[in-house]
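Note sheet for the following structure.
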Amino acid sequence: MILRSLIRRWDGLLPLIFVALWALVGLISLLWTPYALTDTDGYSVWAAPSAAHVLGTDGAGADIATWLMAGSATEFAIVVAVIALTFVLGVSGVALSVAHSARVRSVSVLVIDALISIPTVVIALILAAPAGASVLAVILACSIAYALNLMRVVRPAAVAAARSQYVVYARYKGVSEGRIFVQHILPQVMPSIIITVSHSAATAILAESGLTYLGIGVPAHMASWGQSLATAARFVSLHPATAIWPGLLITVAVIALNILGDAVRECADPLTNPVLRAAQSKEGSK
């Protein structure tokens, strides 16, 4: 029902089409690309777009379209992993912050407030220091930072939901804390979680680009949009056109994910989605 509501809205349909094409190109790149990532042509350095190289070549004579196609798979995998890990860590932290035990609540709130002051770049540096630049360091750094932000944003609403009469009655009846959280608290804060996680997904793309530019993100032998942009940025004053394509993809992806997140939040919230509200009323009347 939420997907049906999304498709009926332009701000849901267009981002969905972009994400679907993004995933499709990433999947195709795992099976086929115009050239191999290691293919270079010393006679076609900084070549303009042509039939042989649709988007031109970079300073090493590598095909830009090939690297962007392969990079789409890496970028999509990073975004999906960050969304999943941010959701798991963030929701777990929110659950601890509204636990029935006062000691657990106090310790969790103290830890969250202490860790949330650490910038994402510092977390990435700590993770990348032992093993060097890696995709795992990017995913963990982004997920930890965004999960802490999710806890900070969602915690007030979760605390309010934990004080509702439904929760008080459930505890009186002896219902377990985990079941109370899943059935009574989590549904109340899910719209806030959705919007926060979607914005985190969009920010993860920017974070990957920034961390890769600093040399602590995706390693040089792997393709990513951030890697392509970082390579082009070194010669942007001489060949500005090479930075357009990865920059354009990053910009469109960030905008699409932000718009999609807002649309999903509205479609998942009965207060803003009359179709969902009517369906829930019908189920409640049975």
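Please note that chains go A, B, ... in the order of the structure tokens, that every chain numbers its residues from 1, and that ligands are numbered from 1 in the order shown.
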
Got a sec: who's within 8 Å of segment 22-34 of chain A, counting only C-alpha atoms, leaving out chain neighbours fewer than 2 positions off, as a PDB file with C-alpha atoms, in the first residue's frame?
```pdb
ATOM      1  CA  PHE A  18      16.277   6.777 -10.721  1.00  0.00           C
ATOM      2  CA  VAL A  19      17.090   4.302  -7.936  1.00  0.00           C
ATOM      3  CA  ALA A  20      15.869   1.403 -10.105  1.00  0.00           C
ATOM      4  CA  ALA A  36      37.994  -3.385 -18.224  1.00  0.00           C
ATOM      5  CA  ALA A  65      31.880   5.567 -18.577  1.00  0.00           C
ATOM      6  CA  THR A  66      33.364   2.231 -17.501  1.00  0.00           C
ATOM      7  CA  MET A  69      29.271   2.137 -14.335  1.00  0.00           C
ATOM      8  CA  ALA A  70      31.455   0.072 -12.019  1.00  0.00           C
ATOM      9  CA  GLY A  71      31.300   2.843  -9.442  1.00  0.00           C
ATOM     10  CA  SER A  72      27.510   2.730  -9.417  1.00  0.00           C
ATOM     11  CA  ALA A  73      27.636  -0.820  -8.016  1.00  0.00           C
ATOM     12  CA  THR A  74      30.074   0.205  -5.282  1.00  0.00           C
ATOM     13  CA  PHE A  76      24.767   1.377  -4.307  1.00  0.00           C
TER      14      PHE A  76
END
```

Contact residues around Ala161 of chain A with only C-alpha atoms at 12 Å, ignoring same-chain residues under 5 positions, as a PyMOL selection string: chain A and resi 94-95+98-99+154-156+166-168+180-190

Which residues are near Leu13 of chain A? Cut-off 10 Å, only C-alpha atoms, ignore same chain within fewer than 6 positions. Put them as a PyMOL selection string. chain A and resi 3-7+19+260+263

Segment 119-173 of chain A residues near segment 83-87 of chain A within 10 Å, closest pair each, using only C-alpha atoms, as a tab-separated table:
```
residue	atom	partner	partner_atom	distance
A:Ile139	CA	A:Leu85	CA	8.4
A:Leu140	CA	A:Leu85	CA	8.1
A:Cys142	CA	A:Thr86	CA	8.1
A:Ser143	CA	A:Thr86	CA	4.7
A:Ile144	CA	A:Thr86	CA	6.8
A:Ala145	CA	A:Thr86	CA	8.4
A:Tyr146	CA	A:Thr86	CA	6.2
A:Ala147	CA	A:Thr86	CA	4.7
A:Leu148	CA	A:Thr86	CA	8.5
A:Asn149	CA	A:Thr86	CA	9.5
A:Leu150	CA	A:Thr86	CA	8.0
A:Met151	CA	A:Phe87	CA	9.9
```

Gap from atom CA of Gly261 of chain A to atom CA of Val80 of chain A - Å, one decimal: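 Separation of atom CA of Gly261 of chain A and atom CA of Val80 of chain A: 13.8 Å.
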
Could you write out, as a PyMOL selection string, all the residues of segment 168-242 of chain A that DSSP marks as alpha helix (DSSP H)? chain A and resi 168-172+177-180+186-214+225-233

Interatomic distance between atom CA of Ala48 of chain A and atom CA of Leu206 of chain A?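 Computing the Euclidean distance for atom CA of Ala48 of chain A and atom CA of Leu206 of chain A yields 26.8 Å.
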